[in-house]
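What follows is a single structure, written as structure tokens, with notes after it.
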Amino acid sequence: MRYVSTRGQTEPVTFSQAVAIGLAPDGGLYLPESLPDITPRLPSWQKLGYADLCAEFLGLFATDVPADLLNRTVHRSYAHFNHPDIAPLRALDAQTYVLELFHGPTLAFKDFALQLLGNLYENQCQLTQQSINVLGATSGDTGAAAIYGLLGKPRTAIFILYPDGRVSPLQERQMTCTGSSNVYALAVDGTFDDAQNALKEVFGDREFSGRYGLSAVNSINLARVLAQCVYYLYAWLRLPPSERPDVEFVVPTGNFGNVFAGWLLAHMGVPVRGFKVSTNQNDILHRLFTTGEYRVGAVQPSLAPSMDIQVASNFERFLYYSVGKEAAKVRAVMAQIKATGAYRFESFDRSTFSSSRAADGEITDIIRRVFERHGYVVDPHTACAFADLNPARVNVILSTAHPAKFPDAIRAAIGRESTHPVLEALKAKPVVKHRLPAEPDAIKRFIEQRAV
Ligand SMILES: *Cc1c(COP(=O)(O)O)cnc(C)c1O
């Protein structure tokens with residue numbers, strides 16, 4: 001299997017190359033040249049555990065990785081989840097299920113992709129005898145998941161910038177209490193944008209970033225999308241067969257990475273009724289699916305901060321299929337969005353997608369309502385997916401984070417604490433953070449001294 005760029009101006013590459021490169025040299029995102037039809041395999045996949053299913057599925061894509069190496073890599077990636085099912089499907093009532101994606105090391109769904117990506121990087125380092133220095137800026141969740149993906153791995157170091165005093169105390173603990181010598185949490189003076197801008201300048205220095213083999217933490221790596229297909233497949237296989245064709249996956253959405261993976265899986269032949277894109281008050285995608293227009297707005301901070309986005313970075317992959325896989329059209333549309341901040345679709349797949357939006361007040365109400373009705377506590381991101389459930393569907397709601405990560409929002413909604421032993425254990429560990437000004441030179445000096 002080979003991988004092509006959505007912008008079509010670079011040669012196709014292997015799976016391992018696409019994973020190592022991340023963003024294609026022409027600025028596009030990698031996708032499989034063609035999608036396999038997995039329908040004939042579904043009966044034999046029915047009984048597989050999560051890691052075995054993942055290895056089988058990825059085997060169709062990672063065709064340049066030996067099967068036994070892939071199998072070991074996948075099993076290692078899901079060994080640190082704290083639930084035997086990895087992604088348990090829990091029934092709330094006859095037509096409402098929650099797919100719990102928060103049993104990984106950082107208690108959020110990004111672990112599914114970043115645990116695997118960290119192990120793929122490790123394999124790469126072993127194979128090439130080279131080292132890798134990962135650099136990223138975070139306003140919260142992604143940083144922790146990226147750190148735990150590389151924790152303690154030989155020949156790797158990870159540097160995560162975050163705005164000092166502007167991430168939640170728990171998020172800071174997740175990044176600073178790892179006890180690992182290859183992890184550097186850099187508490188930067190200023191806002192997230194200051195950190196992000198300084199980072200861009202560091203990457204912009206090609207000589208520097210080449211010398212240290214700097215690699216970005218980003219949401220667009222091909223391996224992330226493919227890893228995320230697997231939990232949709234796993235959930236589908238666990239539903240009673242009579243319910244499968246009526247299933248609508250309801251997905252708390254920011255960058256469109258999570259829900260895109262489900263959509264891609266459906267295009268490999270898995271029959272589902274559709275997908276619902278659930279946003280918070282940053283509703284660019286809800287507006288797209290209700291009006292047909294994609295229009296970039298300003299970010300408003302919300303109770304579901306991991307969905308506070310302005311542009312949905314994985315959207316380009318969906319666009320590629322929507323314009324009939326014509327790379328020239330993708331380039332034209334992306335240029336138009338860059339110039340005008342907007343694009344109107346001539347037509348798109350309205351039968352597959354629906355959408356909803358929840359502002360902060362609704363998020364609090366939903367957390368309370370779900371708790372009263374089902375005795376079940378959802379986090380503020382998952383709460384967005386409970387807005388406007390369609391009673392004519394079998395709803396599978398993707399729960400993207402454990403509620404204990406957001407104690408203030410939970411307390412405000414239901415007047416009690418949600419806790420998790422993993423988070424409690426962090427409170428006993430020393431915080432190790434490095435304070436730096438949000439200046440490219442200071443960041444470079446820090447990296448120079450610690451890079452592997
Ligand atoms: C990242 C994140 C999301 C959004 O996922 P996308 O792939 O960007 O749509 C939702 N919820 C949580 C908890 C997240 O960390």
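Residue names in the structure tokens use chain letters A, B, ... in the order shown, residue numbers from 1 in each chain, and ligand numbers from 1 in the order shown.
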Just list as a ChimeraX atom specification whatever in stretch 45-294 of chain A DSSP marks as alpha helix (DSSP H).
/A:45,50-59,67-77,110-128,141-150,169-176,192-204,206-211,222-238,257-266,284-291
Stretch 36-153 of chain A near stretch 251-269 of chain A within 6 Å: what's each residue's closest atom pair and its distance in Å to one decimal, counting only C-alpha atoms, ordered by chain then ascending residue number, as a Markdown table?
| residue | atom | partner | partner_atom | distance |
| --- | --- | --- | --- | --- |
| A:Pro36 | CA | A:Met268 | CA | 5.7 |
| A:Asp37 | CA | A:Met268 | CA | 4.8 |
| A:Ile38 | CA | A:Met268 | CA | 5.7 |
| A:Thr39 | CA | A:Gly269 | CA | 5.5 |
Contacts of A:Asp93 at 12 Å or less, counting only C-alpha atoms, minus same-chain residues fewer than 2 places along, as number ranges by chain?
A: 90-91, 95-98, 370, 373-376, 391, 394-396
Compute the set of protein, DNA and RNA residues whose minimum atom distance to ligand 1 is at most 9 Å, using only C-alpha atoms and all ligand atoms, and state it as a PDB file with N, CA, C and O atoms, in the first residue's frame.
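part.pdb written:
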ATOM      1  N   PHE A 102     -11.153   6.625  27.338  1.00  0.00           N
ATOM      2  CA  PHE A 102     -10.307   7.363  28.295  1.00  0.00           C
ATOM      3  C   PHE A 102      -9.579   6.445  29.265  1.00  0.00           C
ATOM      4  O   PHE A 102      -9.280   6.844  30.385  1.00  0.00           O
ATOM      5  N   LEU A 107      -5.682   9.397  30.188  1.00  0.00           N
ATOM      6  CA  LEU A 107      -7.137   9.429  30.387  1.00  0.00           C
ATOM      7  C   LEU A 107      -7.882  10.238  29.326  1.00  0.00           C
ATOM      8  O   LEU A 107      -8.913  10.857  29.608  1.00  0.00           O
ATOM      9  N   ALA A 108      -7.357  10.255  28.099  1.00  0.00           N
ATOM     10  CA  ALA A 108      -8.072  10.900  26.997  1.00  0.00           C
ATOM     11  C   ALA A 108      -7.824  10.102  25.710  1.00  0.00           C
ATOM     12  O   ALA A 108      -6.866   9.338  25.612  1.00  0.00           O
ATOM     13  N   PHE A 109      -8.688  10.309  24.723  1.00  0.00           N
ATOM     14  CA  PHE A 109      -8.654   9.435  23.538  1.00  0.00           C
ATOM     15  C   PHE A 109      -7.388   9.588  22.722  1.00  0.00           C
ATOM     16  O   PHE A 109      -7.048   8.706  21.941  1.00  0.00           O
ATOM     17  N   LYS A 110      -6.659  10.695  22.889  1.00  0.00           N
ATOM     18  CA  LYS A 110      -5.442  10.876  22.090  1.00  0.00           C
ATOM     19  C   LYS A 110      -4.400   9.791  22.368  1.00  0.00           C
ATOM     20  O   LYS A 110      -3.527   9.541  21.545  1.00  0.00           O
ATOM     21  N   GLY A 140      -2.917  22.115  26.635  1.00  0.00           N
ATOM     22  CA  GLY A 140      -3.446  21.142  27.593  1.00  0.00           C
ATOM     23  C   GLY A 140      -3.218  19.700  27.209  1.00  0.00           C
ATOM     24  O   GLY A 140      -2.142  19.160  27.399  1.00  0.00           O
ATOM     25  N   ASP A 141      -4.229  19.080  26.589  1.00  0.00           N
ATOM     26  CA  ASP A 141      -4.277  17.626  26.467  1.00  0.00           C
ATOM     27  C   ASP A 141      -3.262  16.966  25.544  1.00  0.00           C
ATOM     28  O   ASP A 141      -2.719  15.914  25.855  1.00  0.00           O
ATOM     29  N   THR A 142      -3.039  17.554  24.378  1.00  0.00           N
ATOM     30  CA  THR A 142      -2.180  16.878  23.405  1.00  0.00           C
ATOM     31  C   THR A 142      -0.776  16.705  23.937  1.00  0.00           C
ATOM     32  O   THR A 142      -0.126  15.692  23.706  1.00  0.00           O
ATOM     33  N   ALA A 145      -0.482  13.638  26.184  1.00  0.00           N
ATOM     34  CA  ALA A 145      -0.577  12.382  25.429  1.00  0.00           C
ATOM     35  C   ALA A 145       0.703  12.139  24.623  1.00  0.00           C
ATOM     36  O   ALA A 145       1.182  11.011  24.529  1.00  0.00           O
ATOM     37  N   SER A 219      -1.499  16.948  14.802  1.00  0.00           N
ATOM     38  CA  SER A 219      -2.684  16.096  14.775  1.00  0.00           C
ATOM     39  C   SER A 219      -2.867  15.467  13.404  1.00  0.00           C
ATOM     40  O   SER A 219      -3.891  14.860  13.153  1.00  0.00           O
ATOM     41  N   VAL A 225      -4.620   8.795  12.302  1.00  0.00           N
ATOM     42  CA  VAL A 225      -5.921   8.534  11.687  1.00  0.00           C
ATOM     43  C   VAL A 225      -6.205   7.034  11.665  1.00  0.00           C
ATOM     44  O   VAL A 225      -7.284   6.582  12.055  1.00  0.00           O
ATOM     45  N   VAL A 251     -19.673  12.198  17.833  1.00  0.00           N
ATOM     46  CA  VAL A 251     -18.260  12.437  18.118  1.00  0.00           C
ATOM     47  C   VAL A 251     -17.981  13.886  18.536  1.00  0.00           C
ATOM     48  O   VAL A 251     -18.169  14.811  17.732  1.00  0.00           O
ATOM     49  N   PRO A 252     -17.520  14.083  19.783  1.00  0.00           N
ATOM     50  CA  PRO A 252     -17.090  15.435  20.191  1.00  0.00           C
ATOM     51  C   PRO A 252     -15.912  15.852  19.316  1.00  0.00           C
ATOM     52  O   PRO A 252     -14.901  15.157  19.271  1.00  0.00           O
ATOM     53  N   THR A 253     -16.061  16.952  18.604  1.00  0.00           N
ATOM     54  CA  THR A 253     -15.131  17.235  17.509  1.00  0.00           C
ATOM     55  C   THR A 253     -14.431  18.581  17.639  1.00  0.00           C
ATOM     56  O   THR A 253     -15.054  19.579  17.976  1.00  0.00           O
ATOM     57  N   GLY A 254     -13.115  18.559  17.347  1.00  0.00           N
ATOM     58  CA  GLY A 254     -12.333  19.792  17.275  1.00  0.00           C
ATOM     59  C   GLY A 254     -11.680  19.884  15.911  1.00  0.00           C
ATOM     60  O   GLY A 254     -12.174  20.543  15.002  1.00  0.00           O
ATOM     61  N   ASN A 255     -10.568  19.167  15.753  1.00  0.00           N
ATOM     62  CA  ASN A 255      -9.807  19.186  14.503  1.00  0.00           C
ATOM     63  C   ASN A 255     -10.304  18.211  13.447  1.00  0.00           C
ATOM     64  O   ASN A 255      -9.650  18.019  12.436  1.00  0.00           O
ATOM     65  N   PHE A 256     -11.418  17.522  13.718  1.00  0.00           N
ATOM     66  CA  PHE A 256     -12.012  16.625  12.733  1.00  0.00           C
ATOM     67  C   PHE A 256     -11.184  15.356  12.540  1.00  0.00           C
ATOM     68  O   PHE A 256     -11.415  14.585  11.622  1.00  0.00           O
ATOM     69  N   GLY A 257     -10.198  15.108  13.434  1.00  0.00           N
ATOM     70  CA  GLY A 257      -9.355  13.921  13.274  1.00  0.00           C
ATOM     71  C   GLY A 257     -10.111  12.670  13.687  1.00  0.00           C
ATOM     72  O   GLY A 257     -10.124  11.660  12.971  1.00  0.00           O
ATOM     73  N   ASN A 258     -10.758  12.734  14.834  1.00  0.00           N
ATOM     74  CA  ASN A 258     -11.458  11.589  15.376  1.00  0.00           C
ATOM     75  C   ASN A 258     -12.592  11.151  14.437  1.00  0.00           C
ATOM     76  O   ASN A 258     -12.635  10.008  13.973  1.00  0.00           O
ATOM     77  N   VAL A 259     -13.494  12.051  14.114  1.00  0.00           N
ATOM     78  CA  VAL A 259     -14.665  11.662  13.315  1.00  0.00           C
ATOM     79  C   VAL A 259     -14.251  11.293  11.886  1.00  0.00           C
ATOM     80  O   VAL A 259     -14.838  10.413  11.267  1.00  0.00           O
ATOM     81  N   PHE A 260     -13.199  11.904  11.383  1.00  0.00           N
ATOM     82  CA  PHE A 260     -12.741  11.543  10.041  1.00  0.00           C
ATOM     83  C   PHE A 260     -12.326  10.066   9.989  1.00  0.00           C
ATOM     84  O   PHE A 260     -12.576   9.369   9.006  1.00  0.00           O
ATOM     85  N   ALA A 261     -11.689   9.596  11.059  1.00  0.00           N
ATOM     86  CA  ALA A 261     -11.264   8.191  11.099  1.00  0.00           C
ATOM     87  C   ALA A 261     -12.483   7.270  10.978  1.00  0.00           C
ATOM     88  O   ALA A 261     -12.446   6.262  10.264  1.00  0.00           O
ATOM     89  N   VAL A 277     -21.281  15.156  14.118  1.00  0.00           N
ATOM     90  CA  VAL A 277     -20.165  16.001  14.509  1.00  0.00           C
ATOM     91  C   VAL A 277     -20.684  16.934  15.603  1.00  0.00           C
ATOM     92  O   VAL A 277     -21.551  17.770  15.344  1.00  0.00           O
ATOM     93  N   THR A 279     -19.939  19.849  18.266  1.00  0.00           N
ATOM     94  CA  THR A 279     -18.956  20.884  18.618  1.00  0.00           C
ATOM     95  C   THR A 279     -19.369  21.581  19.912  1.00  0.00           C
ATOM     96  O   THR A 279     -20.497  21.438  20.381  1.00  0.00           O
ATOM     97  N   ALA A 304     -14.881  22.966  27.248  1.00  0.00           N
ATOM     98  CA  ALA A 304     -14.316  21.783  26.576  1.00  0.00           C
ATOM     99  C   ALA A 304     -13.106  22.248  25.752  1.00  0.00           C
ATOM    100  O   ALA A 304     -13.161  22.322  24.531  1.00  0.00           O
ATOM    101  N   PRO A 305     -11.988  22.573  26.432  1.00  0.00           N
ATOM    102  CA  PRO A 305     -10.892  23.302  25.782  1.00  0.00           C
ATOM    103  C   PRO A 305     -10.208  22.550  24.649  1.00  0.00           C
ATOM    104  O   PRO A 305      -9.659  23.179  23.748  1.00  0.00           O
ATOM    105  N   SER A 306     -10.257  21.221  24.657  1.00  0.00           N
ATOM    106  CA  SER A 306      -9.574  20.490  23.584  1.00  0.00           C
ATOM    107  C   SER A 306     -10.334  20.565  22.265  1.00  0.00           C
ATOM    108  O   SER A 306      -9.885  20.040  21.256  1.00  0.00           O
ATOM    109  N   MET A 307     -11.497  21.192  22.289  1.00  0.00           N
ATOM    110  CA  MET A 307     -12.255  21.390  21.055  1.00  0.00           C
ATOM    111  C   MET A 307     -12.312  22.867  20.681  1.00  0.00           C
ATOM    112  O   MET A 307     -13.076  23.255  19.793  1.00  0.00           O
ATOM    113  N   ASP A 308     -11.482  23.689  21.337  1.00  0.00           N
ATOM    114  CA  ASP A 308     -11.449  25.124  21.029  1.00  0.00           C
ATOM    115  C   ASP A 308     -10.517  25.358  19.840  1.00  0.00           C
ATOM    116  O   ASP A 308      -9.342  25.651  20.013  1.00  0.00           O
ATOM    117  N   ILE A 309     -11.046  25.200  18.650  1.00  0.00           N
ATOM    118  CA  ILE A 309     -10.202  25.352  17.467  1.00  0.00           C
ATOM    119  C   ILE A 309     -10.804  26.371  16.505  1.00  0.00           C
ATOM    120  O   ILE A 309     -11.979  26.700  16.572  1.00  0.00           O
ATOM    121  N   ALA A 312      -9.949  23.376  11.340  1.00  0.00           N
ATOM    122  CA  ALA A 312      -9.922  21.947  11.639  1.00  0.00           C
ATOM    123  C   ALA A 312      -8.856  21.292  10.765  1.00  0.00           C
ATOM    124  O   ALA A 312      -9.048  21.094   9.577  1.00  0.00           O
ATOM    125  N   SER A 313      -7.676  20.977  11.367  1.00  0.00           N
ATOM    126  CA  SER A 313      -6.533  20.611  10.531  1.00  0.00           C
ATOM    127  C   SER A 313      -6.739  19.339   9.713  1.00  0.00           C
ATOM    128  O   SER A 313      -6.144  19.191   8.657  1.00  0.00           O
ATOM    129  N   ASN A 314      -7.581  18.408  10.162  1.00  0.00           N
ATOM    130  CA  ASN A 314      -7.794  17.201   9.366  1.00  0.00           C
ATOM    131  C   ASN A 314      -8.854  17.354   8.285  1.00  0.00           C
ATOM    132  O   ASN A 314      -9.101  16.430   7.507  1.00  0.00           O
ATOM    133  N   ASP A 379     -17.464  13.881  30.928  1.00  0.00           N
ATOM    134  CA  ASP A 379     -16.605  15.065  30.954  1.00  0.00           C
ATOM    135  C   ASP A 379     -17.220  16.125  30.022  1.00  0.00           C
ATOM    136  O   ASP A 379     -18.126  15.822  29.245  1.00  0.00           O
ATOM    137  N   PRO A 380     -16.749  17.375  30.082  1.00  0.00           N
ATOM    138  CA  PRO A 380     -17.371  18.442  29.283  1.00  0.00           C
ATOM    139  C   PRO A 380     -17.286  18.226  27.762  1.00  0.00           C
ATOM    140  O   PRO A 380     -18.155  18.699  27.029  1.00  0.00           O
ATOM    141  N   HIS A 381     -16.259  17.510  27.273  1.00  0.00           N
ATOM    142  CA  HIS A 381     -16.170  17.251  25.829  1.00  0.00           C
ATOM    143  C   HIS A 381     -17.242  16.240  25.423  1.00  0.00           C
ATOM    144  O   HIS A 381     -17.990  16.446  24.467  1.00  0.00           O
ATOM    145  N   THR A 382     -17.304  15.148  26.184  1.00  0.00           N
ATOM    146  CA  THR A 382     -18.298  14.114  25.904  1.00  0.00           C
ATOM    147  C   THR A 382     -19.708  14.687  26.025  1.00  0.00           C
ATOM    148  O   THR A 382     -20.605  14.323  25.256  1.00  0.00           O
ATOM    149  N   SER A 399     -16.697   8.806  24.102  1.00  0.00           N
ATOM    150  CA  SER A 399     -16.327   9.566  25.290  1.00  0.00           C
ATOM    151  C   SER A 399     -14.825   9.805  25.243  1.00  0.00           C
ATOM    152  O   SER A 399     -14.031   8.873  25.344  1.00  0.00           O
ATOM    153  N   THR A 400     -14.436  11.067  25.068  1.00  0.00           N
ATOM    154  CA  THR A 400     -13.040  11.357  24.719  1.00  0.00           C
ATOM    155  C   THR A 400     -12.139  11.638  25.917  1.00  0.00           C
ATOM    156  O   THR A 400     -10.927  11.674  25.758  1.00  0.00           O
ATOM    157  N   ALA A 401     -12.715  11.882  27.098  1.00  0.00           N
ATOM    158  CA  ALA A 401     -11.854  12.133  28.266  1.00  0.00           C
ATOM    159  C   ALA A 401     -12.544  11.649  29.535  1.00  0.00           C
ATOM    160  O   ALA A 401     -13.782  11.618  29.616  1.00  0.00           O
ATOM    161  N   HIS A 402     -11.745  11.295  30.538  1.00  0.00           N
ATOM    162  CA  HIS A 402     -12.300  10.913  31.838  1.00  0.00           C
ATOM    163  C   HIS A 402     -12.741  12.175  32.581  1.00  0.00           C
ATOM    164  O   HIS A 402     -12.013  13.177  32.583  1.00  0.00           O
TER     165      HIS A 402
END
When you count only C-alpha atoms, which of these residues is closest to A:Glu316: A:Leu31, A:Ala18, A:Val247, A:Cys125?
A:Leu31
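Nearest to A:Gly104 of all the residues A:Val134, A:Leu398, A:Ala87, A:Val378 is A:Ala87, based on only C-alpha atoms.
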Write out as a ChimeraX atom specification the residues lying within 9 Å of stretch 318-335 of chain A, counting only C-alpha atoms and excluding same-chain residues fewer than 5 positions away.
/A:5-9,28,256,260,263-264,340,343,345,347-349
Could you save those same residues with N, CA, C and O atoms as an mmCIF file, in the first residue's frame?
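So the final result, stored in out25.cif, reads:
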data_model
loop_
_atom_site.group_PDB
_atom_site.id
_atom_site.type_symbol
_atom_site.label_atom_id
_atom_site.label_comp_id
_atom_site.auth_asym_id
_atom_site.auth_seq_id
_atom_site.Cartn_x
_atom_site.Cartn_y
_atom_site.Cartn_z
ATOM 1 N N SER A 5 -0.204 12.352 -1.239
ATOM 2 C CA SER A 5 -0.508 13.620 -0.583
ATOM 3 C C SER A 5 -1.807 14.195 -1.136
ATOM 4 O O SER A 5 -2.070 14.102 -2.338
ATOM 5 N N THR A 6 -2.602 14.810 -0.257
ATOM 6 C CA THR A 6 -3.848 15.461 -0.705
ATOM 7 C C THR A 6 -3.582 16.561 -1.726
ATOM 8 O O THR A 6 -4.491 16.981 -2.430
ATOM 9 N N ARG A 7 -2.313 17.049 -1.794
ATOM 10 C CA ARG A 7 -2.023 18.137 -2.738
ATOM 11 C C ARG A 7 -1.333 17.641 -4.003
ATOM 12 O O ARG A 7 -1.066 18.427 -4.915
ATOM 13 N N GLY A 8 -1.031 16.342 -4.045
ATOM 14 C CA GLY A 8 -0.606 15.690 -5.285
ATOM 15 C C GLY A 8 0.682 16.189 -5.923
ATOM 16 O O GLY A 8 0.913 15.922 -7.093
ATOM 17 N N GLN A 9 1.533 16.899 -5.182
ATOM 18 C CA GLN A 9 2.740 17.415 -5.814
ATOM 19 C C GLN A 9 4.001 16.797 -5.237
ATOM 20 O O GLN A 9 5.072 17.423 -5.229
ATOM 21 N N GLY A 28 0.666 18.997 1.912
ATOM 22 C CA GLY A 28 -0.559 18.203 2.016
ATOM 23 C C GLY A 28 -0.482 17.159 3.117
ATOM 24 O O GLY A 28 0.508 17.058 3.837
ATOM 25 N N PHE A 256 -11.418 17.522 13.718
ATOM 26 C CA PHE A 256 -12.012 16.625 12.733
ATOM 27 C C PHE A 256 -11.184 15.356 12.540
ATOM 28 O O PHE A 256 -11.415 14.585 11.622
ATOM 29 N N PHE A 260 -13.199 11.904 11.383
ATOM 30 C CA PHE A 260 -12.741 11.543 10.041
ATOM 31 C C PHE A 260 -12.326 10.066 9.989
ATOM 32 O O PHE A 260 -12.576 9.369 9.006
ATOM 33 N N TRP A 263 -15.363 7.970 9.554
ATOM 34 C CA TRP A 263 -15.879 8.119 8.188
ATOM 35 C C TRP A 263 -15.049 7.284 7.202
ATOM 36 O O TRP A 263 -15.568 6.613 6.315
ATOM 37 N N LEU A 264 -13.724 7.303 7.410
ATOM 38 C CA LEU A 264 -12.831 6.534 6.539
ATOM 39 C C LEU A 264 -13.135 5.041 6.668
ATOM 40 O O LEU A 264 -13.204 4.315 5.677
ATOM 41 N N THR A 340 -9.384 33.930 1.922
ATOM 42 C CA THR A 340 -10.661 34.569 2.275
ATOM 43 C C THR A 340 -11.241 34.054 3.593
ATOM 44 O O THR A 340 -12.215 34.601 4.085
ATOM 45 N N TYR A 343 -15.081 28.854 2.407
ATOM 46 C CA TYR A 343 -15.305 28.063 1.191
ATOM 47 C C TYR A 343 -16.713 27.488 1.252
ATOM 48 O O TYR A 343 -17.150 27.013 2.298
ATOM 49 N N PHE A 345 -19.219 24.614 -0.156
ATOM 50 C CA PHE A 345 -19.269 23.342 -0.880
ATOM 51 C C PHE A 345 -20.395 23.363 -1.902
ATOM 52 O O PHE A 345 -21.501 23.815 -1.593
ATOM 53 N N SER A 347 -21.594 20.534 -3.198
ATOM 54 C CA SER A 347 -22.456 19.454 -2.714
ATOM 55 C C SER A 347 -21.631 18.644 -1.747
ATOM 56 O O SER A 347 -20.422 18.620 -1.849
ATOM 57 N N PHE A 348 -22.260 18.031 -0.792
ATOM 58 C CA PHE A 348 -21.587 16.982 -0.052
ATOM 59 C C PHE A 348 -22.557 16.053 0.637
ATOM 60 O O PHE A 348 -23.766 16.242 0.635
ATOM 61 N N ASP A 349 -21.906 15.033 1.175
ATOM 62 C CA ASP A 349 -22.541 13.875 1.719
ATOM 63 C C ASP A 349 -23.424 14.193 2.941
ATOM 64 O O ASP A 349 -23.044 13.916 4.062
#
Quick one: residues within 9 Å of A:Thr156, only C-alpha atoms, excluding same-chain residues fewer than 4 positions away - as an MDAnalysis selection string?
chainID A and resid 121:122 125 131:134 150:152 182 451:452
